[in-house]
$ cat my_file-v2.cif   # mmCIF, C-alpha atoms and all ligand atoms
data_target
loop_
_atom_site.label_atom_id
_atom_site.label_comp_id
_atom_site.auth_asym_id
_atom_site.auth_seq_id
_atom_site.Cartn_x
_atom_site.Cartn_y
_atom_site.Cartn_z
CA MET A 883 72.16 122.02 151.34
CA SER A 884 75.43 123.60 150.54
CA GLY A 885 78.65 121.98 149.46
CA VAL A 886 82.07 122.73 150.89
CA ARG A 887 83.04 126.39 150.67
CA PHE A 888 86.78 126.88 150.56
CA THR A 889 86.94 130.59 149.80
CA VAL A 890 84.87 133.76 150.05
CA HIS A 891 84.36 133.54 146.29
CA ASP A 892 82.79 130.09 146.71
CA PHE A 893 80.18 131.78 148.90
CA GLU A 894 79.63 134.39 146.22
CA GLU A 895 79.08 131.74 143.56
CA ALA A 896 76.74 129.73 145.77
CA ALA A 897 74.77 132.86 146.66
CA ARG A 898 74.41 133.85 143.02
CA ALA A 899 73.10 130.37 142.21
CA ARG A 900 70.41 130.65 144.91
CA LEU A 901 69.37 134.28 144.79
CA ASP A 902 66.96 136.16 142.59
CA PRO A 903 69.39 137.84 140.12
CA VAL A 904 67.94 141.24 141.08
CA TYR A 905 69.09 140.76 144.69
CA ALA A 906 72.41 139.22 143.64
CA ASP A 907 73.05 142.36 141.58
CA PHE A 908 72.00 144.61 144.46
CA ILE A 909 74.66 142.99 146.63
CA ALA A 910 77.51 142.70 144.15
CA GLY A 911 76.96 145.97 142.34
CA GLY A 912 78.43 149.41 142.83
CA ALA A 913 78.02 152.93 141.51
CA ARG A 914 78.30 153.80 137.81
CA ASP A 915 81.10 151.82 136.08
CA GLU A 916 81.99 150.01 139.33
CA ILE A 917 85.63 151.05 138.94
CA THR A 918 86.06 151.47 142.70
CA VAL A 919 84.39 148.12 143.42
CA TRP A 920 87.16 146.38 141.52
CA ALA A 921 89.89 148.78 142.68
CA ASN A 922 89.30 147.71 146.28
CA GLU A 923 90.10 144.07 145.61
CA ALA A 924 92.82 144.85 143.07
CA ALA A 925 94.71 146.98 145.61
CA PHE A 926 95.06 143.97 147.90
CA ALA A 927 96.18 141.75 145.03
CA ARG A 928 98.83 144.28 144.03
CA LEU A 929 100.60 144.38 147.38
CA ARG A 930 103.07 141.67 148.32
CA LEU A 931 103.85 140.26 151.76
CA LEU A 932 107.44 139.90 152.91
CA PRO A 933 107.46 137.43 155.80
CA ARG A 934 109.87 137.17 158.72
CA VAL A 935 111.24 133.76 159.75
CA LEU A 936 112.46 132.03 162.91
CA ARG A 937 110.58 134.30 165.26
CA GLY A 938 109.00 131.58 167.43
CA GLY A 939 105.49 131.95 168.80
CA ALA A 940 103.67 128.62 168.72
CA GLU A 941 100.30 130.14 169.60
CA ARG A 942 98.61 132.94 167.72
CA ASP A 943 96.24 135.51 169.16
CA VAL A 944 93.87 137.41 166.87
CA CYS A 945 91.83 139.18 169.56
CA VAL A 946 91.41 142.92 169.30
CA THR A 947 90.27 145.53 171.84
CA LEU A 948 88.26 148.47 170.54
CA PHE A 949 86.97 151.23 172.82
CA GLY A 950 87.77 149.03 175.82
CA GLU A 951 85.83 146.03 174.52
CA ARG A 952 87.34 142.80 173.35
CA ALA A 953 86.44 140.89 170.20
CA SER A 954 87.83 137.50 169.19
CA LEU A 955 88.47 138.60 165.63
CA PRO A 956 89.83 141.78 163.99
CA ILE A 957 87.15 141.31 161.34
CA LEU A 958 83.92 143.30 161.85
CA LEU A 959 80.68 142.81 160.00
CA SER A 960 80.26 146.13 158.21
CA PRO A 961 76.73 147.50 158.11
CA THR A 962 74.70 146.11 155.23
CA ALA A 963 71.01 146.76 154.68
CA PHE A 964 68.14 144.36 154.10
CA HIS A 965 69.37 140.95 155.29
CA LYS A 966 65.86 139.51 154.96
CA LEU A 967 66.24 139.82 151.19
CA VAL A 968 68.55 136.82 151.37
CA ASP A 969 67.43 134.92 154.49
CA PRO A 970 64.04 134.82 156.23
CA GLU A 971 65.60 135.45 159.65
CA GLY A 972 67.64 138.35 158.33
CA GLU A 973 69.91 140.23 160.73
CA ALA A 974 68.97 137.94 163.65
CA ALA A 975 70.69 135.03 161.88
CA THR A 976 73.73 137.17 161.09
CA ALA A 977 73.96 138.37 164.69
CA ARG A 978 73.88 134.83 166.09
CA ALA A 979 76.73 133.81 163.79
CA ALA A 980 78.78 136.92 164.65
CA ALA A 981 78.23 136.41 168.38
CA ALA A 982 79.24 132.75 168.17
CA ALA A 983 82.48 133.81 166.45
CA GLY A 984 83.07 136.68 168.88
CA ALA A 985 83.00 139.19 166.02
CA ILE A 986 81.62 142.72 166.22
CA MET A 987 78.54 143.28 164.08
CA ILE A 988 77.55 146.77 162.96
CA VAL A 989 73.78 146.80 162.55
CA SER A 990 72.59 148.94 159.65
CA MET A 991 70.00 151.62 160.26
CA ALA A 992 68.24 149.94 157.31
CA SER A 993 68.09 146.50 158.93
CA THR A 994 65.01 144.39 158.34
CA VAL A 995 65.04 143.21 161.98
CA ALA A 996 64.83 145.86 164.71
CA VAL A 997 68.13 146.56 166.46
CA GLY A 998 66.70 145.43 169.82
CA GLU A 999 65.81 142.02 168.38
CA VAL A 1000 69.22 141.77 166.70
CA ALA A 1001 70.83 142.39 170.10
CA ASP A 1002 68.63 139.74 171.74
CA ALA A 1003 69.69 137.24 169.07
CA ALA A 1004 73.38 138.07 169.61
CA ARG A 1005 73.09 137.64 173.39
CA ALA A 1006 71.26 134.34 173.04
CA ALA A 1007 73.99 132.91 170.80
CA ALA A 1008 76.99 134.01 172.88
CA GLU A 1009 78.42 132.23 175.91
CA PRO A 1010 76.82 133.70 179.06
CA GLY A 1011 78.29 137.14 179.67
CA GLN A 1012 80.39 136.87 176.51
CA ALA A 1013 78.23 138.70 173.94
CA PRO A 1014 80.63 140.60 171.70
CA PRO A 1015 79.95 144.28 171.11
CA LEU A 1016 77.18 145.28 168.74
CA TRP A 1017 77.50 148.66 167.02
CA PHE A 1018 74.85 150.68 165.20
CA GLN A 1019 75.22 152.53 161.90
CA LEU A 1020 73.12 155.53 160.97
CA TYR A 1021 72.81 158.30 158.46
CA LEU A 1022 72.27 161.72 160.04
CA GLN A 1023 68.68 162.79 159.42
CA PRO A 1024 67.51 166.33 158.58
CA ASP A 1025 65.14 166.21 161.54
CA PRO A 1026 67.48 165.97 164.56
CA GLY A 1027 64.66 164.39 166.55
CA ILE A 1028 64.76 161.39 164.20
CA THR A 1029 68.54 161.04 164.50
CA GLU A 1030 68.25 161.19 168.27
CA ALA A 1031 65.40 158.69 168.35
CA LEU A 1032 67.52 156.26 166.32
CA VAL A 1033 70.44 156.72 168.69
CA GLY A 1034 68.03 156.11 171.57
CA ARG A 1035 66.90 152.83 170.00
CA ALA A 1036 70.52 151.75 169.54
CA GLU A 1037 71.45 152.67 173.12
CA GLU A 1038 68.41 150.90 174.50
CA ALA A 1039 69.37 147.77 172.55
CA GLY A 1040 72.79 147.86 174.24
CA CYS A 1041 74.87 148.95 171.24
CA THR A 1042 78.27 150.15 172.37
CA ALA A 1043 79.34 152.40 169.48
CA LEU A 1044 77.75 154.46 166.73
CA VAL A 1045 78.96 154.50 163.15
CA VAL A 1046 77.80 157.56 161.25
CA THR A 1047 78.00 157.13 157.49
CA VAL A 1048 78.98 160.46 155.96
CA ASP A 1049 79.67 159.55 152.33
CA SER A 1050 76.05 159.68 151.21
CA PRO A 1051 74.84 163.26 150.67
CA VAL A 1052 72.85 161.62 147.87
CA LEU A 1053 72.28 157.96 147.14
CA GLY A 1054 75.00 156.45 144.92
CA ALA A 1055 73.91 155.52 141.42
CA GLY A 1056 73.64 151.75 141.37
CA GLU A 1057 72.94 151.28 137.71
CA ARG A 1058 72.34 147.55 138.04
CA ASN A 1059 69.46 148.38 140.41
CA ARG A 1060 68.09 150.93 137.97
CA ARG A 1061 68.22 148.48 135.10
CA ASN A 1062 66.60 145.79 137.23
CA GLY A 1063 63.93 148.17 138.53
CA PHE A 1064 64.94 147.43 142.15
CA HIS A 1065 63.88 150.43 144.20
CA ASP A 1066 62.00 148.98 147.11
CA LEU A 1067 61.70 146.14 149.57
CA PRO A 1068 59.21 143.42 148.64
CA PRO A 1069 55.88 143.29 150.51
CA GLY A 1070 56.19 142.05 154.08
CA MET A 1071 59.69 143.50 154.61
CA ARG A 1072 60.48 146.88 156.08
CA CYS A 1073 63.21 148.89 157.78
CA GLU A 1074 62.26 147.97 161.32
CA ASN A 1075 64.37 150.64 163.03
CA LEU A 1076 62.32 153.31 161.29
CA VAL A 1077 58.88 152.10 162.28
CA ASP A 1078 56.92 154.66 164.31
CA LEU A 1079 59.75 157.16 164.56
CA ARG A 1080 57.04 159.64 163.73
CA ASP A 1081 53.33 159.08 163.83
CA GLY A 1082 52.18 156.62 161.25
CA GLU A 1083 55.62 155.83 159.81
CA ARG A 1084 55.76 152.27 158.61
CA GLY A 1085 59.46 151.57 158.03
CA HIS A 1086 59.53 152.46 154.35
CA VAL A 1087 62.96 152.73 152.70
CA ARG A 1088 62.01 156.26 151.59
CA GLN A 1089 62.03 157.35 155.24
CA ILE A 1090 65.85 157.27 155.12
CA ALA A 1091 66.73 160.78 154.05
CA MET A 1092 70.06 161.23 152.32
CA SER A 1093 70.87 164.91 152.41
CA PRO A 1094 73.79 167.15 151.42
CA GLU A 1095 72.97 169.66 154.16
CA PHE A 1096 75.13 168.26 156.96
CA THR A 1097 78.27 169.89 158.36
CA TRP A 1098 80.70 169.24 161.21
CA GLU A 1099 78.24 171.07 163.48
CA HIS A 1100 75.87 168.12 163.14
CA VAL A 1101 78.67 165.79 164.23
CA ASP A 1102 79.31 168.06 167.23
CA ARG A 1103 75.64 167.94 168.09
CA LEU A 1104 75.58 164.14 167.96
CA ARG A 1105 78.80 164.02 169.98
CA ARG A 1106 77.08 166.07 172.70
CA PHE A 1107 73.90 163.98 172.55
CA THR A 1108 75.46 160.57 173.22
CA ASP A 1109 78.20 159.16 175.43
CA LEU A 1110 78.82 156.28 173.03
CA PRO A 1111 81.99 156.28 170.93
CA VAL A 1112 81.22 157.82 167.54
CA LEU A 1113 83.01 156.61 164.40
CA LEU A 1114 82.67 158.25 161.01
CA LYS A 1115 82.33 155.93 158.02
CA GLY A 1116 83.32 157.21 154.63
CA VAL A 1117 85.94 159.86 155.42
CA LEU A 1118 88.50 159.54 152.61
CA HIS A 1119 90.37 162.86 152.46
CA PRO A 1120 93.21 163.23 154.97
CA GLU A 1121 92.10 166.78 155.77
CA ASP A 1122 88.66 165.42 156.77
CA ALA A 1123 90.38 162.80 158.93
CA ARG A 1124 92.20 165.61 160.77
CA LEU A 1125 88.92 167.49 161.14
CA ALA A 1126 87.29 164.35 162.56
CA VAL A 1127 89.93 164.19 165.27
CA ARG A 1128 89.45 167.88 166.01
CA HIS A 1129 85.69 167.38 166.34
CA GLY A 1130 86.11 164.67 168.97
CA VAL A 1131 85.26 161.71 166.76
CA ASP A 1132 86.43 158.46 168.39
CA GLY A 1133 87.36 156.43 165.31
CA LEU A 1134 87.18 156.17 161.54
CA LEU A 1135 85.76 153.42 159.41
CA LEU A 1136 87.83 154.03 156.29
CA SER A 1137 85.37 152.97 153.62
CA ASN A 1138 84.30 153.91 150.12
CA HIS A 1139 81.00 152.11 150.72
CA GLY A 1140 82.32 149.14 148.76
CA GLY A 1141 82.36 151.34 145.63
CA ARG A 1142 78.64 152.07 145.96
CA GLN A 1143 78.78 155.87 146.37
CA LEU A 1144 81.21 158.02 144.31
CA ASP A 1145 82.71 155.88 141.57
CA THR A 1146 86.44 156.18 140.78
CA VAL A 1147 87.49 157.10 144.33
CA PRO A 1148 90.70 155.28 145.31
CA ALA A 1149 90.75 151.86 146.89
CA THR A 1150 90.58 152.17 150.67
CA LEU A 1151 93.85 150.26 151.03
CA GLU A 1152 95.62 152.84 148.86
CA LEU A 1153 94.39 155.61 151.17
CA LEU A 1154 95.24 153.87 154.40
CA PRO A 1155 98.86 155.08 154.87
CA GLU A 1156 97.80 158.70 154.28
CA LEU A 1157 94.92 158.48 156.75
CA VAL A 1158 97.04 156.70 159.34
CA ALA A 1159 99.53 159.56 159.07
CA ALA A 1160 96.75 162.15 159.32
CA VAL A 1161 95.27 160.80 162.56
CA ALA A 1162 98.74 160.04 163.97
CA GLY A 1163 97.58 157.39 166.42
CA ARG A 1164 94.99 159.64 168.08
CA ILE A 1165 92.01 157.52 166.99
CA PRO A 1166 91.75 153.97 165.59
CA ILE A 1167 91.06 153.27 161.93
CA VAL A 1168 89.02 150.28 160.76
CA LEU A 1169 89.15 149.64 157.01
CA ASP A 1170 86.60 147.98 154.75
CA GLY A 1171 86.31 147.37 151.01
CA GLY A 1172 87.57 144.32 149.13
CA ILE A 1173 88.60 142.13 152.07
CA ARG A 1174 88.27 138.58 150.73
CA ARG A 1175 91.28 136.73 152.21
CA GLY A 1176 93.20 136.36 155.45
CA THR A 1177 96.19 137.89 153.68
CA ASP A 1178 94.05 141.00 152.95
CA VAL A 1179 93.45 141.38 156.69
CA VAL A 1180 97.18 141.06 157.35
CA LYS A 1181 98.00 143.74 154.76
CA ALA A 1182 95.48 146.22 156.16
CA LEU A 1183 96.65 145.67 159.74
CA ALA A 1184 100.31 145.87 158.72
CA LEU A 1185 99.62 149.27 157.17
CA GLY A 1186 98.00 150.59 160.33
CA ALA A 1187 94.31 149.58 160.50
CA VAL A 1188 93.32 148.15 163.89
CA ALA A 1189 90.68 145.94 162.30
CA VAL A 1190 88.81 145.44 159.03
CA GLY A 1191 85.17 145.14 157.98
CA ILE A 1192 83.47 142.86 155.48
CA GLY A 1193 80.24 143.71 153.65
CA ARG A 1194 79.35 141.60 150.61
CA PRO A 1195 80.95 138.38 151.93
CA VAL A 1196 78.46 138.38 154.83
CA MET A 1197 75.50 138.81 152.48
CA TRP A 1198 76.76 136.00 150.26
CA ALA A 1199 77.29 133.67 153.22
CA LEU A 1200 73.86 134.51 154.65
CA ALA A 1201 72.30 133.78 151.26
CA GLU A 1202 74.27 130.57 150.95
CA GLY A 1203 73.46 129.03 154.31
CA GLY A 1204 71.77 131.46 156.71
CA GLU A 1205 73.29 131.58 160.20
CA LYS A 1206 75.41 128.50 159.45
CA GLY A 1207 76.70 130.08 156.28
CA VAL A 1208 77.91 133.17 158.15
CA ARG A 1209 79.45 130.96 160.84
CA ARG A 1210 81.33 129.05 158.14
CA LEU A 1211 82.48 132.28 156.52
CA LEU A 1212 83.86 133.69 159.77
CA HIS A 1213 85.53 130.37 160.54
CA LEU A 1214 87.13 130.31 157.14
CA LEU A 1215 88.45 133.86 157.42
CA ARG A 1216 89.77 133.18 160.92
CA ASP A 1217 91.63 130.11 159.60
CA GLU A 1218 93.04 132.08 156.68
CA LEU A 1219 94.12 134.88 159.00
CA ASP A 1220 95.76 132.45 161.40
CA ASP A 1221 97.58 130.79 158.53
CA ALA A 1222 98.73 134.12 157.08
CA LEU A 1223 100.00 135.27 160.49
CA ALA A 1224 101.98 132.06 160.98
CA LEU A 1225 103.49 132.31 157.50
CA CYS A 1226 104.45 135.96 158.16
CA GLY A 1227 106.25 134.95 161.37
CA ALA A 1228 103.72 136.86 163.46
CA SER A 1229 101.94 135.57 166.55
CA ARG A 1230 100.02 138.70 167.56
CA LEU A 1231 98.32 141.40 165.54
CA ALA A 1232 100.82 143.89 166.96
CA ASP A 1233 103.55 141.98 165.11
CA LEU A 1234 102.05 143.17 161.82
CA THR A 1235 104.18 146.14 160.82
CA PRO A 1236 104.53 148.08 157.54
CA ASP A 1237 107.87 146.43 156.69
CA LEU A 1238 105.95 143.19 155.96
CA VAL A 1239 104.31 144.81 152.92
CA ARG A 1240 105.93 145.56 149.58
CA VAL A 1241 104.78 147.13 146.34
CA PRO A 1242 106.13 144.80 143.63
CA GLY A 1243 109.03 146.09 141.63
CA TRP A 1244 110.11 148.58 144.27
CA ALA A 1245 112.74 148.22 146.93
CA SER A 1246 111.54 149.91 150.12
C1 LIG B 1301 76.36 148.21 152.05
N1 LIG B 1301 77.04 149.19 152.74
C2 LIG B 1301 76.34 149.97 153.66
N2 LIG B 1301 76.99 150.94 154.36
C3 LIG B 1301 76.33 151.67 155.30
O1 LIG B 1301 76.94 152.54 155.92
N3 LIG B 1301 75.00 151.45 155.54
C4 LIG B 1301 74.29 150.51 154.88
O2 LIG B 1301 73.09 150.31 155.14
C5 LIG B 1301 74.96 149.74 153.88
N4 LIG B 1301 74.28 148.82 153.15
C6 LIG B 1301 74.97 148.02 152.26
C7 LIG B 1301 74.28 147.00 151.58
C8 LIG B 1301 74.97 146.15 150.74
C9 LIG B 1301 74.24 145.05 150.04
C10 LIG B 1301 76.37 146.32 150.54
C11 LIG B 1301 77.15 145.40 149.64
C12 LIG B 1301 77.03 147.34 151.19
C13 LIG B 1301 78.50 149.34 152.61
C14 LIG B 1301 79.22 148.39 153.59
O3 LIG B 1301 79.05 148.82 154.91
C15 LIG B 1301 80.73 148.32 153.33
O4 LIG B 1301 81.28 149.60 153.38
C16 LIG B 1301 81.13 147.64 152.03
O5 LIG B 1301 80.25 146.61 151.68
C17 LIG B 1301 82.54 147.09 152.18
O6 LIG B 1301 83.00 146.55 150.99
P1 LIG B 1301 82.95 144.97 150.66
O7 LIG B 1301 83.41 144.20 151.88
O8 LIG B 1301 81.54 144.68 150.30
O9 LIG B 1301 83.90 144.84 149.50
#
$ encode --input "my_file-v2.cif" --output "structure tokens"
Amino acid sequence: MSGVRFTVHDFEEAARARLDPVYADFIAGGARDEITVWANEAAFARLRLLPRVLRGGAERDVCVTLFGERASLPILLSPTAFHKLVDPEGEAATARAAAAAGAIMIVSMASTVAVGEVADAARAAAEPGQAPPLWFQLYLQPDPGITEALVGRAEEAGCTALVVTVDSPVLGAGERNRRNGFHDLPPGMRCENLVDLRDGERGHVRQIAMSPEFTWEHVDRLRRFTDLPVLLKGVLHPEDARLAVRHGVDGLLLSNHGGRQLDTVPATLELLPELVAAVAGRIPIVLDGGIRRGTDVVKALALGAVAVGIGRPVMWALAEGGEKGVRRLLHLLRDELDDALALCGASRLADLTPDLVRVPGWAS
């Protein structure tokens, strides 16, 4: 059984103590020198908060509405692959914890529980009629029939938005994985969303094609194929953000894949003001990468994100205590967020404005 976990880093430590070091490295690691992995967290540490006082507001509200659906927390569970590596129930356990907290979970295309079963688990854990939205992440596939079949599976499961990850024309070089010889799921585990997409396909990781061939035309095609809101994950350049708006994309998940794709790209927080300016309020931006504290959430929202995502913390919490671990993690982050809001003199997320954030050493 686990001890008391006071911070996200306590979950990380506990997970590392329990996990096979190969899997612990898979989760924590990034591409090449992991410069971007550390940049993400460092960017949050570098910014300072400048609170307001005497603004009243005894009650705080951290609910957020995205694409017309309400979630109890502005903290999403970013898509992460292979939850069964760290817990026998895998994504079903994660989904129950997210649903109980009223948080949106983005199911990875590479989940080890099929998206339909993940959705069933979420519904079973939520108050009747209160299941929070479940979104589905996918990589565009060279065979459009496969992409469309995946979208069909997500729609059938009741997912209410699609997140298309566009930062992976090739797989990022995770050198820890190379050193550890981790290339494959262990026997008995597979990517359940990929099973039987084509005759005889068994859900092997290799079925996920990463390809540099895609263009905005493929986004247009997907846009025409589905009525679900489509978000792009991994747009970093402001010009691409403007193109996304022009191509009818409904939202951006500003992400550098937690530093797992191109190393040395900027921290997502550093890019946020530029991307907020580029989309000019036309579509919402969710940010992930390096969120470890309630104050990190406050900083991202103050600079214009509507919500944030967490990746590694969920894997650590799932490894630490399964469904209960993820519940505790979400509880902890909610408490930290509530505390940070109160100390900033804010009672609603809309009270978080850029003037609350300072770069040290600089007057604004
Ligand atoms: C990921 N990420 C990811 N992204 C994606 O689009 N599809 C995926 O299947 C995965 N899988 C995955 C596995 C693991 C173990 C990690 C750590 C990450 C990236 C993820 O969605 C997110 O962008 C980052 O994890 C966010 O950074 P933090 O919160 O981990 O710092």
$ residues_near_ligand --input "my_file-v2.cif" --ligand "ligand LIG 1301 (chain B)" --cutoff "9 Å" --atoms "all atoms listed in the file" --output "ChimeraX atom specification"
/A:905-912,919-920,922-923,959-965,988-993,1019-1021,1045-1050,1115-1116,1135-1142,1169-1174,1191-1197
$ atom_distance --input "my_file-v2.cif" --atom1 "atom CA of Pro1120 of chain A" --atom2 "atom CA of Ala1182 of chain A"
17.2 Å
$ atom_distance --input "my_file-v2.cif" --atom1 "atom CA of His1129 of chain A" --atom2 "atom CA of Ala1159 of chain A"
17.5 Å
$ closest_residue --input "my_file-v2.cif" --among "A:Leu1151, A:Leu1234, A:Met987, A:Ala1091" --to "Ala927 of chain A" --atoms "only C-alpha atoms"
A:Leu1151
$ atom_distance --input "my_file-v2.cif" --atom1 "atom CA of Gly1176 of chain A" --atom2 "atom CA of Ala1222 of chain A"
6.2 Å
$ axis_aligned_box --input "my_file-v2.cif" --around "segment 912-931 of chain A" --padding-each-side "8 Å" --output "JSON"
{"center_x": 90.9, "center_y": 147.0, "center_z": 143.9, "size_x": 41.8, "size_y": 29.5, "size_z": 31.7}
$ residues_around --input "my_file-v2.cif" --residues "Met1071 of chain A" --least-positions-apart "2" --cutoff "9 Å" --atoms "all atoms listed in the file" --output "list in words"
Phe964, Lys966, Leu967, Thr994, Leu1067, Pro1068, Pro1069, Cys1073, Glu1074, Gly1085 and His1086 of chain A
$ write_last_selection --input "my_file-v2.cif" --atoms "C-alpha atoms" --output "mmCIF file, in the frame of the given file"
data_model
loop_
_atom_site.group_PDB
_atom_site.id
_atom_site.type_symbol
_atom_site.label_atom_id
_atom_site.label_comp_id
_atom_site.auth_asym_id
_atom_site.auth_seq_id
_atom_site.Cartn_x
_atom_site.Cartn_y
_atom_site.Cartn_z
ATOM 1 C CA PHE A 964 68.140 144.360 154.100
ATOM 2 C CA LYS A 966 65.860 139.510 154.960
ATOM 3 C CA LEU A 967 66.240 139.820 151.190
ATOM 4 C CA THR A 994 65.010 144.390 158.340
ATOM 5 C CA LEU A 1067 61.700 146.140 149.570
ATOM 6 C CA PRO A 1068 59.210 143.420 148.640
ATOM 7 C CA PRO A 1069 55.880 143.290 150.510
ATOM 8 C CA CYS A 1073 63.210 148.890 157.780
ATOM 9 C CA GLU A 1074 62.260 147.970 161.320
ATOM 10 C CA GLY A 1085 59.460 151.570 158.030
ATOM 11 C CA HIS A 1086 59.530 152.460 154.350
#
$ closest_residue --input "my_file-v2.cif" --among "A:Asp1132, A:Glu1205, A:Glu1099, A:Glu951" --to "Ala982 of chain A" --atoms "only C-alpha atoms"
A:Glu1205
$ closest_residue --input "my_file-v2.cif" --among "A:Ile1090, A:Pro1236, A:Leu1154, A:Leu1214" --to "Ala925 of chain A" --atoms "only C-alpha atoms"
A:Leu1154
$ residues_near_point --input "my_file-v2.cif" --point "(71.4, 163.7, 151.6)" --cutoff "6 Å" --atoms "only C-alpha atoms" --output "number ranges by chain"
A: 1051-1052, 1092-1094
$ closest_residue --input "my_file-v2.cif" --among "A:Thr1108, A:Thr889, A:Thr1177, A:Thr1150" --to "Val1131 of chain A" --atoms "only C-alpha atoms"
A:Thr1108
$ residues_around --input "my_file-v2.cif" --residues "Leu931 of chain A" --least-positions-apart "3" --cutoff "10 Å" --atoms "only C-alpha atoms" --output "ChimeraX atom specification"
/A:934,1177-1178,1180-1181,1184,1222,1225-1226,1236-1242
